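Novice: This one is protein_38.cif, mmCIF, C-alpha atoms.
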data_coords
loop_
_atom_site.label_atom_id
_atom_site.label_comp_id
_atom_site.auth_asym_id
_atom_site.auth_seq_id
_atom_site.Cartn_x
_atom_site.Cartn_y
_atom_site.Cartn_z
CA MET A 260 6.97 -76.90 -12.92
CA LYS A 261 3.53 -77.79 -11.54
CA THR A 262 3.06 -74.16 -10.51
CA LEU A 263 3.95 -72.96 -14.01
CA VAL A 264 1.45 -75.40 -15.52
CA LEU A 265 -1.23 -74.26 -13.03
CA VAL A 266 -0.67 -70.60 -13.85
CA SER A 267 -0.78 -71.41 -17.58
CA CYS A 268 -4.07 -73.19 -17.08
CA ILE A 269 -5.52 -70.25 -15.18
CA ILE A 270 -4.44 -67.85 -17.94
CA ALA A 271 -5.90 -70.10 -20.64
CA PHE A 272 -9.12 -70.39 -18.64
CA ALA A 273 -9.38 -66.62 -18.27
CA ALA A 274 -8.82 -66.09 -21.99
CA ALA A 275 -11.64 -68.51 -22.78
CA LEU A 276 -14.19 -66.61 -20.69
CA PRO A 277 -16.83 -64.40 -22.41
CA ALA A 278 -15.68 -60.87 -23.24
CA GLU A 279 -17.78 -59.22 -20.52
CA ASP A 280 -16.00 -61.31 -17.90
CA ALA A 281 -12.53 -60.50 -19.18
CA VAL A 282 -12.31 -57.38 -16.99
CA VAL A 283 -12.17 -59.30 -13.69
CA PRO A 284 -9.18 -57.78 -11.79
CA GLU A 285 -6.18 -59.95 -11.13
CA GLN A 286 -6.54 -59.57 -7.36
CA ALA A 287 -9.65 -61.76 -7.62
CA LEU A 288 -7.28 -64.59 -8.53
CA PHE A 289 -4.22 -63.66 -6.51
CA GLU A 290 -4.20 -62.18 -3.00
CA ALA A 291 -2.39 -58.82 -2.80
CA VAL A 292 0.92 -58.89 -1.01
CA ASP A 293 1.51 -56.63 2.01
CA ALA A 294 5.19 -55.80 1.66
CA ASP A 295 5.50 -54.48 5.23
CA PHE A 296 3.82 -57.59 6.61
CA GLU A 297 6.17 -59.86 4.66
CA ALA A 298 9.19 -57.83 5.78
CA THR A 299 8.12 -58.29 9.40
CA ARG A 300 7.65 -62.02 8.75
CA THR A 301 11.26 -62.21 7.53
CA GLU A 302 12.48 -60.36 10.63
CA LEU A 303 10.48 -62.71 12.88
CA GLU A 304 12.02 -65.74 11.19
CA GLN A 305 15.49 -64.27 11.71
CA LEU A 306 14.72 -63.66 15.40
CA ARG A 307 13.57 -67.24 15.82
CA VAL A 308 16.73 -68.53 14.16
CA LYS A 309 18.70 -66.56 16.75
CA GLY A 310 16.75 -68.28 19.49
CA THR A 311 14.33 -65.50 20.39
CA SER A 312 11.16 -66.98 21.83
CA ASP A 313 7.66 -66.00 20.70
CA LYS A 314 7.04 -64.59 24.17
CA GLU A 315 10.05 -62.30 23.80
CA CYS A 316 8.89 -61.30 20.31
CA ARG A 317 5.48 -60.39 21.70
CA LYS A 318 7.17 -58.25 24.34
CA LEU A 319 9.06 -56.57 21.49
CA ALA A 320 5.74 -55.68 19.80
CA ASP A 321 4.39 -54.31 23.07
CA ALA A 322 7.58 -52.31 23.65
CA THR A 323 7.35 -50.82 20.15
CA GLU A 324 3.80 -49.63 20.82
CA ASP A 325 4.85 -48.32 24.23
CA ASP A 326 7.64 -46.31 22.59
CA VAL A 327 5.12 -44.72 20.24
CA LYS A 328 2.78 -43.91 23.15
CA ALA A 329 5.65 -42.43 25.15
CA SER A 330 6.68 -40.28 22.18
CA VAL A 331 3.13 -38.98 21.79
CA LYS A 332 2.84 -38.33 25.53
CA ALA A 333 6.05 -36.28 25.45
CA GLN A 334 4.58 -34.18 22.66
CA GLN A 335 1.30 -33.88 24.57
CA ASP A 336 3.18 -32.66 27.65
CA ALA A 337 5.01 -30.14 25.50
CA LEU A 338 1.72 -28.83 24.10
CA ASP A 339 0.23 -28.66 27.60
CA SER A 340 3.16 -26.53 28.75
CA ILE A 341 2.76 -23.68 26.25
CA ASP A 342 0.63 -20.60 26.90
CA LYS A 343 -3.11 -21.23 27.06
CA GLY A 344 -4.09 -17.58 27.38
CA GLU A 345 -3.66 -17.09 31.12
CA LYS A 346 -1.27 -14.16 30.64
CA CYS A 347 -3.39 -12.31 28.07
CA PRO A 348 -5.54 -10.25 30.50
CA SER A 349 -2.37 -8.61 31.85
CA ALA A 350 -1.42 -7.12 28.48
CA HIS A 351 -0.82 -3.36 28.65
CA THR A 352 -1.89 -3.30 32.31
CA SER A 353 0.94 -0.96 33.32
CA LEU A 354 0.09 1.47 30.50
CA VAL A 355 -3.59 1.57 31.50
CA SER A 356 -2.66 1.97 35.17
CA ALA A 357 -0.37 4.90 34.38
CA ALA A 358 -3.03 6.53 32.20
CA LEU A 359 -5.65 6.06 34.93
CA LYS A 360 -3.31 7.55 37.55
CA ASN A 361 -2.79 10.63 35.36
CA LEU A 362 -6.54 10.87 34.69
CA ASN A 363 -7.42 10.69 38.39
CA LYS A 364 -4.86 13.40 39.17
CA ALA A 365 -6.34 15.58 36.42
CA LYS A 366 -9.82 15.10 37.91
CA SER A 367 -8.48 16.07 41.35
CA ASP A 368 -6.71 19.13 39.90
CA LYS A 369 -9.88 20.14 38.07
CA LYS A 370 -11.93 19.91 41.26
CA LYS A 371 -9.36 21.99 43.16
CA ALA A 372 -9.37 24.60 40.39
CA ASP A 373 -13.19 24.69 40.39
CA ASP A 374 -13.27 25.10 44.16
CA ALA A 375 -10.66 27.87 44.05
CA TYR A 376 -12.59 29.64 41.28
CA ASP A 377 -15.87 29.42 43.24
CA LYS A 378 -14.12 30.71 46.35
CA ALA A 379 -12.54 33.60 44.42
CA LYS A 380 -15.94 34.62 43.03
CA LYS A 381 -17.35 34.74 46.55
CA THR A 382 -14.58 36.98 47.93
CA LYS A 383 -16.05 39.79 50.01
CA ILE A 384 -14.89 43.26 48.94
CA ASP A 385 -14.73 46.11 51.45
CA PHE A 386 -14.87 49.32 49.43
CA GLY A 387 -14.43 51.43 52.57
CA ALA A 388 -16.20 54.71 53.34
CA PHE A 389 -17.20 57.30 50.67
CA THR A 390 -18.34 60.87 51.03
CA TYR A 391 -21.58 61.82 49.38
CA ASP A 392 -19.97 63.97 46.72
CA GLN A 393 -17.79 60.98 45.61
CA LEU A 394 -20.86 59.07 44.41
CA THR A 395 -22.94 59.80 41.29
CA PRO A 396 -26.23 57.92 40.75
CA GLY A 397 -25.98 55.44 37.84
CA GLN A 398 -22.19 55.50 37.72
CA CYS A 399 -20.26 52.64 39.34
CA GLY A 400 -16.77 53.55 38.25
CA SER A 401 -15.97 54.70 41.75
CA PHE A 402 -16.23 51.06 42.84
CA PHE A 403 -14.78 49.18 39.85
CA ASN A 404 -11.76 51.44 39.58
CA GLN A 405 -10.72 50.87 43.14
CA ALA A 406 -7.63 48.72 43.77
CA VAL A 407 -9.53 46.48 46.17
CA TYR A 408 -11.94 45.49 43.37
CA LYS A 409 -9.21 45.19 40.71
CA ASN A 410 -7.17 42.89 42.93
CA VAL A 411 -10.10 40.56 43.50
CA ALA A 412 -11.00 40.68 39.78
CA THR A 413 -7.43 39.69 38.93
CA SER A 414 -7.62 36.77 41.38
CA VAL A 415 -10.92 35.61 39.86
CA LYS A 416 -9.49 35.85 36.33
CA SER A 417 -6.43 33.88 37.37
CA ALA A 418 -8.61 31.23 39.04
CA LYS A 419 -10.74 30.98 35.86
CA ALA A 420 -7.62 30.52 33.73
CA LYS A 421 -6.54 27.65 36.00
CA VAL A 422 -10.00 26.08 35.64
CA ASP A 423 -9.74 26.27 31.85
CA MET A 424 -6.23 24.81 31.93
CA ALA A 425 -7.32 22.00 34.25
CA ALA A 426 -10.33 21.27 32.02
CA GLY A 427 -8.10 21.08 28.94
CA SER A 428 -5.69 18.77 30.72
CA LEU A 429 -8.57 16.59 31.93
CA THR A 430 -9.97 16.30 28.39
CA ALA A 431 -6.58 15.34 26.98
CA LEU A 432 -5.87 12.80 29.70
CA GLN A 433 -9.38 11.33 29.39
CA LYS A 434 -8.67 10.74 25.69
CA ALA A 435 -5.28 9.24 26.56
CA TYR A 436 -6.89 6.89 29.07
CA ASP A 437 -9.65 5.86 26.60
CA ALA A 438 -6.98 5.19 23.98
CA ALA A 439 -4.96 3.11 26.46
CA VAL A 440 -8.05 1.05 27.32
CA ALA A 441 -8.82 0.53 23.61
CA ASP A 442 -5.19 -0.43 22.96
CA GLN A 443 -5.32 -2.85 25.86
CA LYS A 444 -8.51 -4.44 24.54
CA ALA A 445 -6.90 -4.89 21.12
CA ALA A 446 -3.68 -6.23 22.68
CA ILE A 447 -5.59 -8.73 24.82
CA ASN A 448 -7.58 -9.94 21.82
CA LYS A 449 -4.40 -10.23 19.75
CA CYS A 450 -2.80 -12.21 22.57
CA HIS A 451 -5.75 -14.62 22.69
CA CYS A 452 -5.65 -15.01 18.90
CA ASP A 453 -1.88 -15.58 18.93
CA VAL A 454 -2.39 -18.32 21.53
CA LYS A 455 -5.07 -19.94 19.38
CA LYS A 456 -2.85 -19.77 16.32
CA LEU A 457 0.17 -21.17 18.16
CA GLN A 458 -1.84 -24.00 19.73
CA LYS A 459 -3.37 -24.96 16.37
CA ALA A 460 -0.08 -24.82 14.44
CA THR A 461 1.80 -26.74 17.15
CA LEU A 462 -0.89 -29.42 17.36
CA GLU A 463 -0.92 -29.89 13.57
CA LYS A 464 2.87 -30.12 13.37
CA MET A 465 3.09 -32.53 16.29
CA ASN A 466 0.52 -34.87 14.79
CA SER A 467 2.17 -34.63 11.39
CA ASP A 468 5.48 -35.59 13.00
CA VAL A 469 3.79 -38.41 14.92
CA LYS A 470 2.26 -39.80 11.76
CA VAL A 471 5.53 -39.73 9.84
CA ALA A 472 7.67 -41.10 12.67
CA ASN A 473 5.36 -43.68 14.19
CA SER A 474 2.96 -45.08 11.58
CA LYS A 475 5.42 -47.72 10.36
CA LEU A 476 6.44 -48.64 13.91
CA TYR A 477 2.83 -49.04 14.99
CA LYS A 478 2.04 -51.20 11.96
CA LYS A 479 5.15 -53.31 12.54
CA ALA A 480 4.05 -53.99 16.12
CA ALA A 481 0.58 -55.02 14.89
CA ASP A 482 2.03 -57.18 12.09
CA LEU A 483 4.38 -58.90 14.50
CA ARG A 484 1.53 -59.70 16.87
CA CYS A 485 -0.59 -61.02 13.98
CA LEU A 486 2.25 -63.26 12.80
CA LEU A 487 2.66 -64.66 16.29
CA ASP A 488 -1.11 -65.28 16.49
CA GLY A 489 -1.24 -66.82 13.01
CA THR A 490 -3.48 -64.05 11.66
CA PRO A 491 -3.11 -63.51 7.88
CA ALA A 492 -2.19 -60.09 6.52
CA SER A 493 -5.69 -59.58 5.08
CA LYS A 494 -7.21 -59.83 8.56
CA CYS A 495 -4.48 -58.11 10.54
CA LYS A 496 -5.90 -55.03 12.23
CA VAL A 497 -3.67 -52.04 12.99
CA GLY A 498 -5.00 -49.89 15.80
CA ALA A 499 -5.27 -46.12 15.53
CA ILE A 500 -1.95 -44.40 16.15
CA PRO A 501 -2.09 -42.30 19.34
CA VAL A 502 -2.28 -38.60 18.55
CA VAL A 503 -1.71 -35.37 20.41
CA VAL A 504 -5.08 -33.89 21.40
CA PRO A 505 -5.98 -30.20 21.73
CA VAL A 506 -5.56 -28.69 25.17
CA ASN A 507 -8.16 -26.54 26.89
CA VAL A 508 -7.28 -22.87 26.51
CA THR A 509 -8.89 -20.27 28.77
CA ALA A 510 -12.54 -19.45 28.17
CA ALA A 511 -11.60 -15.93 27.04
CA THR A 512 -9.10 -17.32 24.54
CA ALA A 513 -11.63 -19.82 23.20
CA ALA A 514 -14.22 -17.03 22.79
CA ALA A 515 -11.86 -14.52 21.16
CA ASN A 516 -12.92 -13.29 17.72
CA CYS A 517 -9.84 -13.69 15.57
CA VAL A 518 -11.39 -12.81 12.23
CA PRO A 519 -10.04 -9.46 10.99
CA PRO A 520 -12.81 -6.88 10.53
CA GLY A 521 -14.09 -6.34 7.02
CA PRO A 522 -14.27 -2.99 5.21
CA THR A 523 -16.67 -0.46 6.70
CA GLY A 524 -18.54 2.68 5.69
CA VAL A 525 -19.18 3.80 2.13
CA VAL A 526 -17.29 2.20 -0.72
CA SER A 527 -14.57 4.44 -2.11
CA PHE A 528 -13.58 4.06 -5.76
CA HIS A 529 -10.47 4.59 -7.88
CA GLN A 530 -8.89 3.41 -11.16
CA PHE A 531 -11.51 5.35 -13.16
CA THR A 532 -11.58 4.60 -16.87
CA GLY A 533 -13.39 6.17 -19.82
CA SER A 534 -15.90 8.80 -18.66
CA GLU A 535 -16.29 7.30 -15.19
CA THR A 536 -15.81 9.69 -12.27
CA THR A 537 -16.80 10.31 -8.67
CA CYS A 538 -19.98 12.27 -8.01
CA GLY A 539 -18.18 14.60 -5.59
CA TYR A 540 -19.43 16.41 -2.50
CA PRO A 541 -21.97 15.96 -0.88
CA TYR A 542 -22.52 12.51 -2.43
CA LYS A 543 -20.84 9.53 -0.80
CA GLY A 544 -20.11 6.13 -2.30
CA CYS A 545 -21.21 7.56 -5.63
CA VAL A 546 -19.83 7.21 -9.18
CA TYR A 547 -21.31 7.99 -12.58
CA LYS A 548 -20.53 8.10 -16.29
CA ASN A 549 -19.99 11.76 -17.12
CA GLY A 550 -21.20 11.88 -20.71
CA GLY A 551 -19.49 10.03 -23.54
CA LYS A 552 -21.12 7.51 -25.83
CA LYS A 553 -23.03 4.34 -25.12
CA GLY A 554 -20.81 1.33 -24.55
CA TRP A 555 -19.19 -0.68 -21.78
CA ASN A 556 -16.21 1.62 -21.69
CA SER A 557 -16.34 3.38 -18.31
CA GLY A 558 -15.71 1.84 -14.92
CA ALA A 559 -13.95 1.83 -11.56
CA VAL A 560 -13.12 -0.48 -8.66
CA SER A 561 -13.25 -0.07 -4.90
CA THR A 562 -10.11 0.83 -2.97
CA GLN A 563 -11.07 -1.72 -0.30
CA TRP A 564 -10.73 -5.48 -0.64
CA LEU A 565 -13.19 -7.93 0.94
CA LYS A 566 -10.93 -10.76 2.14
CA LYS A 567 -11.89 -14.43 2.11
CA ASP A 568 -11.57 -14.95 5.85
CA GLN A 569 -13.72 -11.86 6.46
CA TYR A 570 -16.81 -13.09 4.58
CA GLN A 571 -16.37 -16.82 5.22
CA ALA A 572 -16.57 -16.28 8.99
CA SER A 573 -20.12 -14.92 9.11
CA GLY A 574 -20.89 -13.34 5.74
CA TYR A 575 -20.37 -9.85 4.28
CA GLY A 576 -21.61 -7.75 1.39
CA PHE A 577 -22.51 -4.36 -0.04
CA CYS A 578 -25.59 -2.44 -1.18
CA ALA A 579 -25.98 0.03 -4.04
CA THR A 580 -28.65 2.50 -5.16
CA ARG A 581 -29.61 3.27 -8.75
CA GLY A 582 -28.86 6.92 -8.20
CA THR A 583 -30.28 10.01 -9.86
CA LEU A 584 -28.06 13.07 -9.76
CA PRO A 585 -30.22 16.25 -9.80
CA SER A 586 -28.15 17.71 -12.65
CA TYR A 587 -28.98 14.76 -14.89
CA SER A 588 -32.52 13.88 -13.80
CA LYS A 589 -33.77 14.04 -17.38
CA TYR A 590 -31.62 11.07 -18.42
CA LYS A 591 -32.72 7.46 -18.20
CA ARG A 592 -30.42 5.43 -15.96
CA GLU A 593 -30.05 2.42 -18.22
CA HIS A 594 -27.47 -0.31 -18.63
CA ALA A 595 -25.05 -0.30 -15.76
CA MET A 596 -23.59 -3.11 -13.66
CA ILE A 597 -22.02 -3.46 -10.25
CA GLY A 598 -20.64 -6.53 -8.51
CA LEU A 599 -17.80 -8.29 -6.73
CA ASP A 600 -14.77 -9.18 -8.78
CA ALA A 601 -11.68 -11.18 -7.87
CA LYS A 602 -9.44 -9.64 -10.54
CA GLY A 603 -9.06 -6.29 -8.79
CA ARG A 604 -9.79 -4.26 -11.91
CA HIS A 605 -12.89 -3.08 -13.72
CA ARG A 606 -14.05 -5.38 -16.46
CA TYR A 607 -17.19 -6.57 -18.19
CA GLY A 608 -18.77 -9.38 -16.22
CA SER A 609 -17.54 -9.40 -12.64
CA THR A 610 -17.37 -12.67 -10.75
CA TYR A 611 -20.78 -11.86 -9.17
CA THR A 612 -22.73 -9.09 -10.89
CA MET A 613 -26.01 -7.16 -10.63
CA ARG A 614 -27.03 -5.45 -13.86
CA CYS A 615 -29.92 -3.06 -14.48
CA ASP A 616 -31.50 -1.67 -17.66
CA GLU A 617 -33.85 1.14 -18.70
CA SER A 618 -36.87 -1.12 -18.14
CA GLN A 619 -35.89 -1.35 -14.45
CA ASN A 620 -35.14 -5.06 -14.72
CA MET A 621 -32.58 -6.56 -12.37
CA GLN A 622 -30.30 -9.21 -13.88
CA VAL A 623 -27.85 -11.55 -12.19
CA TYR A 624 -24.59 -12.66 -13.78
CA TYR A 625 -21.78 -14.72 -12.39
CA GLY A 626 -18.87 -16.45 -14.01
CA GLY A 627 -19.47 -14.20 -17.02
CA SER A 628 -22.91 -15.74 -17.81
CA HIS A 629 -26.48 -14.53 -17.35
CA ARG A 630 -28.29 -16.52 -14.65
CA TYR A 631 -31.50 -14.70 -13.73
CA THR A 632 -33.73 -11.73 -14.51
CA LYS A 633 -36.22 -10.12 -12.13
CA ALA A 634 -38.71 -8.03 -14.14
CA LYS A 635 -39.12 -4.52 -12.70
CA GLY A 636 -36.83 -5.70 -9.94
CA TRP A 637 -34.74 -2.55 -9.60
CA LYS A 638 -36.51 0.79 -9.77
CA PHE A 639 -34.70 4.10 -10.17
CA GLY A 640 -33.66 5.24 -6.71
CA GLY A 641 -34.03 1.70 -5.35
CA GLN A 642 -31.46 -0.46 -3.57
CA ALA A 643 -30.08 -3.92 -4.24
CA CYS A 644 -27.41 -5.86 -2.35
CA ILE A 645 -24.98 -8.74 -2.82
CA TRP A 646 -24.34 -10.95 0.22
CA ILE A 647 -21.43 -13.39 0.11
CA SER A 648 -20.68 -16.13 2.63
CA LYS A 649 -19.00 -19.51 2.84
CA GLY A 650 -20.65 -21.60 0.15
CA TRP A 651 -23.31 -19.07 -0.92
CA VAL A 652 -23.82 -15.80 -2.78
CA SER A 653 -27.25 -14.10 -2.59
CA PHE A 654 -28.66 -11.20 -4.58
CA TRP A 655 -31.21 -9.06 -2.69
CA THR A 656 -33.77 -6.55 -3.99
CA ASN A 657 -36.31 -4.23 -2.37
CA SER A 658 -38.54 -3.44 -5.31
CA ASN A 659 -42.11 -3.62 -3.98
CA SER A 660 -44.33 -3.46 -0.90
CA ASN A 661 -43.12 -6.89 0.23
CA GLY A 662 -39.80 -5.40 1.29
CA TRP A 663 -36.43 -7.11 0.98
CA MET A 664 -36.35 -10.43 -0.85
CA SER A 665 -33.53 -12.75 -1.88
CA SER A 666 -34.07 -12.71 -5.62
CA TYR A 667 -31.42 -15.27 -6.46
CA SER A 668 -28.86 -17.41 -4.63
CA THR A 669 -26.08 -19.61 -5.90
CA LYS A 670 -24.07 -22.26 -4.09
CA SER A 671 -20.89 -21.40 -5.93
CA ASN A 672 -18.33 -21.77 -3.12
CA PRO A 673 -16.69 -18.32 -3.25
CA LYS A 674 -13.08 -18.52 -2.14
CA GLU A 675 -11.28 -15.44 -3.47
CA ASN A 676 -10.65 -11.89 -2.24
CA TYR A 677 -13.04 -9.46 -3.95
CA ARG A 678 -13.43 -5.78 -4.77
CA VAL A 679 -16.54 -3.89 -5.83
CA ASN A 680 -16.44 -3.42 -9.59
CA VAL A 681 -18.63 -0.96 -11.54
CA LEU A 682 -19.08 -0.64 -15.26
CA MET A 683 -21.37 1.81 -17.08
CA TYR A 684 -22.95 1.51 -20.54
CA SER A 685 -25.17 4.59 -20.72
CA PRO A 686 -24.04 8.22 -20.34
CA PHE A 687 -24.92 9.68 -16.91
CA ALA A 688 -25.78 6.29 -15.40
CA VAL A 689 -25.23 6.52 -11.64
CA TRP A 690 -24.40 4.22 -8.75
CA ASP A 691 -25.10 6.07 -5.52
CA ASP A 692 -24.80 5.32 -1.77
CA VAL A 693 -22.67 2.21 -2.29
CA TYR A 694 -21.69 0.93 1.16
CA TRP A 695 -20.53 -2.21 2.99
CA ILE A 696 -22.81 -4.38 5.15
CA ASN A 697 -21.90 -7.04 7.72
CA LYS A 698 -25.48 -8.22 8.30
CA GLN A 699 -27.64 -9.78 5.63
CA PRO A 700 -30.85 -7.91 4.66
CA ILE A 701 -33.84 -9.18 6.63
CA LYS A 702 -36.54 -10.80 4.50
CA GLY A 703 -39.66 -8.62 4.44
CA SER A 704 -38.03 -5.61 6.09
CA LYS A 705 -38.60 -2.21 4.48
CA GLY A 706 -35.69 0.02 5.51
CA LYS A 707 -32.09 0.30 4.36
CA PRO A 708 -29.72 -2.42 5.58
CA VAL A 709 -27.40 -1.12 8.29
CA MET A 710 -23.98 0.06 7.15
CA ALA A 711 -20.98 -1.87 8.49
#
Mind converting the file's structure to structure tokens?
Specialist:
Amino acid sequence: MKTLVLVSCIIAFAAALPAEDAVVPEQALFEAVDADFEATRTELEQLRVKGTSDKECRKLADATEDDVKASVKAQQDALDSIDKGEKCPSAHTSLVSAALKNLNKAKSDKKKADDAYDKAKKTKIDFGAFTYDQLTPGQCGSFFNQAVYKNVATSVKSAKAKVDMAAGSLTALQKAYDAAVADQKAAINKCHCDVKKLQKATLEKMNSDVKVANSKLYKKAADLRCLLDGTPASKCKVGAIPVVVPVNVTAATAAANCVPPGPTGVVSFHQFTGSETTCGYPYKGCVYKNGGKKGWNSGAVSTQWLKKDQYQASGYGFCATRGTLPSYSKYKREHAMIGLDAKGRHRYGSTYTMRCDESQNMQVYYGGSHRYTKAKGWKFGGQACIWISKGWVSFWTNSNSNGWMSSYSTKSNPKENYRVNVLMYSPFAVWDDVYWINKQPIKGSKGKPVMA
């Protein structure tokens, strides 16, 4: 009854406070209850009723923690026992050895054939004795028609044929050996990457299992010890749960590059709409609007995708030239855009877009909105590039004697897969020499960025 009166007084007191003080949380008046702590308190009381001493209860807390540590150690031992990359260097060894054995034999056969051919060419020919009237000045048929010469000539021809055959075999087996070495290199790298992936996945699962299985046990042990020591729940500290730690893989496994390579070479286009078409031979990475009327009605997208893990590892991008096809040199190359789009289809306003106009201005759009304009920033025949990396997208131009400059950058956290998207407004507008890059343009440099 006294408690009820006290609570009523507290409530009445709170209601009488000024309005600005009415938002004081209830926990300022009442201490929060730790349900797990109270459950352990109940269990401790039950143990004491049964005659269990505090010393025995403390041993129980220690044993609970020891069980958790033993469980984690068992998982750690299991992680230590799986492959760390030691076996990777032996991948495809037998295939490379067989290819090398065949190659060495081909080299030996080629040398033998060369030696036999040289020996055949140096064969001494005894034409025998001739009478004077059998010889005519300037005519050598008397010698070349003799069987002794023809026999040697046949031997030389046969030896030359064997040289050619041995050379062909050597070339083929050299290619086979080179391919085996390349396959081995790829297999070894894949092995290292598989080890990395397995180690990472196993570690994450083990620690997830540890957290689920042992967090309550570890807290119960801490709560029990606090109750025995008289420590209130608000001051009871729970130590960090032991976790499985990463193991040391081999140096080669740790150094392995496991990021899949990005697209390389010139950008190839498809899904042409409107009057958009490829420029054709000899132009590469080139598309244009073949006539039609003005309007954003002609476009295409790249056949290659730039994947998230490819550009987030160390950056990636593409460059494009405001092209001028000789057949249409009289036309102004106005109003066209090119960029990276996550939708996989041509559309107005790519995710990250460079747009040019007849005044040779370079404009930046992303998220469908205009962000920046560089006056005279993109001359006809000039290049511009988009570079995308983890956390950043940069737009590069090379429009004056200062060389390459980052005209605009945005910290927009790109996290999609992208394709190059083009869209043309003006008839005969051209994008030429569109190609992928895996190194960012160098500030102040004058040449073309290197193609990936």
Novice: Measuring between only C-alpha atoms, which one of A:Met683, A:Thr352, A:Tyr570, A:Gly662 shows the shortest distance to Gly703 in chain A?
Specialist: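 Of all the options, A:Gly662 lies closest to Gly703 in chain A.
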Novice: Set the distance at 9 Å and use all atoms listed in the file: which residues neighbour Leu483 in chain A once local chain neighbours fewer than 3 positions away are removed? I'd like the list as a ChimeraX atom specification.
Specialist: /A:296,299-300,303,316-317,319-320,478-480,486-488
Novice: Run through the PyMOL selection byres ((chain A and resi 704) around 12) on the given coordinates and return the selected residues as a ChimeraX atom specification.
Specialist: /A:655-665,699-703,705-709
Novice: Suppose you want the space between CA of Asn404 in chain A and CA of Phe386 in chain A; what is it in Å?
Specialist: 10.5 Å
Novice: How many Å lie between CA of Val497 in chain A and CA of Asp336 in chain A, rounded to one decimal?
Specialist: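 Between CA of Val497 in chain A and CA of Asp336 in chain A the gap is 25.2 Å.
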Novice: Could you state the separation of CA of Asn556 in chain A and CA of Ser628 in chain A in Å, given to one decimal place?
Specialist: 19.0 Å
Novice: Quick one: apply the PyMOL selection byres ((chain A and resi 572) around 10) to the file and drop the selected residues here as an MDAnalysis selection string.
Specialist: chainID A and resid 516:519 567:571 573:575 648:649
Novice: Under the PyMOL selection byres ((chain A and resi 669) around 12), which residues of this model are included? Write them out as a ChimeraX atom specification.
Specialist: /A:611,623-626,630-631,645-654,665-668,670-673
Novice: Taking all atoms listed in the file into account, name the residue in A:Ser561, A:Ser685, A:Ser428, A:Ser353 that is nearest to Lys548 in chain A.
Specialist: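 Going through A:Ser561, A:Ser685, A:Ser428, A:Ser353 one by one, the smallest distance to Lys548 in chain A is for A:Ser685.
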Novice: Using only C-alpha atoms, find the one residue out of A:Val546, A:Ala439, A:Ile597, A:Val469 that sits nearest to Pro501 in chain A.
Specialist: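 Between A:Val546, A:Ala439, A:Ile597, A:Val469, the residue approaching Pro501 in chain A most closely is A:Val469.
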Novice: Closest to Lys459 in chain A among A:Asn410, A:Ser586, A:Thr580, A:Asn507, using all atoms listed in the file?
Specialist: A:Asn507
Novice: Point out the residue among A:Val327, A:Asn680, A:Cys347, A:Ala357 with the least atom-to-atom distance to Val471 in chain A, counting all atoms listed in the file.
Specialist: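 Among the listed residues, A:Val327 lies closest to Val471 in chain A.
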Novice: Around all of range 594-603 of chain A's listed atoms, make the axis-aligned box with 5 Å on each side and tell me centre and edge lengths in Å to one decimal, as AutoDock Vina command-line options.
Specialist:
--center_x -18.3 --center_y -5.7 --center_z -12.7 --size_x 28.4 --size_y 20.9 --size_z 21.9
Novice: I need the residue nearest Met465 in chain A from this list: A:Ala515, A:Ala333, A:Leu565, A:Ala481. Use only C-alpha atoms for the distance.
Specialist: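 The answer is A:Ala333, which sits nearest to Met465 in chain A.
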Novice: Please, which residues in range 307-390 of chain A fall within 7 Å of range 414-421 of chain A when counting all atoms listed in the file, and what is the closest atom pair and distance in Å to one decimal for each, ordered by chain then residue number, as a tab-separated table?
Specialist:
residue	atom	partner	partner_atom	distance
A:Ala372	CA	A:Lys421	CA	6.0
A:Ala375	CA	A:Ala418	CA	6.4
A:Tyr376	CA	A:Ala418	CA	4.8
A:Ala379	CA	A:Val415	CA	5.2
A:Lys380	CA	A:Val415	CA	6.0
Novice: Filtering to C-alpha atoms, could you give me those residues as an mmCIF file, in the coordinates of the input?
Specialist:
data_model
loop_
_atom_site.group_PDB
_atom_site.id
_atom_site.type_symbol
_atom_site.label_atom_id
_atom_site.label_comp_id
_atom_site.auth_asym_id
_atom_site.auth_seq_id
_atom_site.Cartn_x
_atom_site.Cartn_y
_atom_site.Cartn_z
ATOM 1 C CA ALA A 372 -9.370 24.600 40.390
ATOM 2 C CA ALA A 375 -10.660 27.870 44.050
ATOM 3 C CA TYR A 376 -12.590 29.640 41.280
ATOM 4 C CA ALA A 379 -12.540 33.600 44.420
ATOM 5 C CA LYS A 380 -15.940 34.620 43.030
#
Novice: Since the input is missing atoms for range 341-345 of chain A, could you rebuild it with N, CA and C atoms and give the result as a tab-separated table (two decimals), in the coordinates of the input?
Specialist:
chain	number	residue	atom	x	y	z
A	341	ILE	N	2.72	-25.00	26.87
A	341	ILE	CA	2.76	-23.68	26.25
A	341	ILE	C	1.56	-22.85	26.68
A	342	ASP	N	1.63	-21.57	26.41
A	342	ASP	CA	0.63	-20.60	26.90
A	342	ASP	C	-0.78	-20.99	26.45
A	343	LYS	N	-1.71	-20.93	27.36
A	343	LYS	CA	-3.11	-21.23	27.06
A	343	LYS	C	-3.98	-19.97	27.15
A	344	GLY	N	-3.35	-18.84	27.32
A	344	GLY	CA	-4.09	-17.58	27.38
A	344	GLY	C	-4.19	-16.97	28.75
A	345	GLU	N	-3.55	-17.61	29.76
A	345	GLU	CA	-3.66	-17.09	31.12
A	345	GLU	C	-3.03	-15.70	31.27
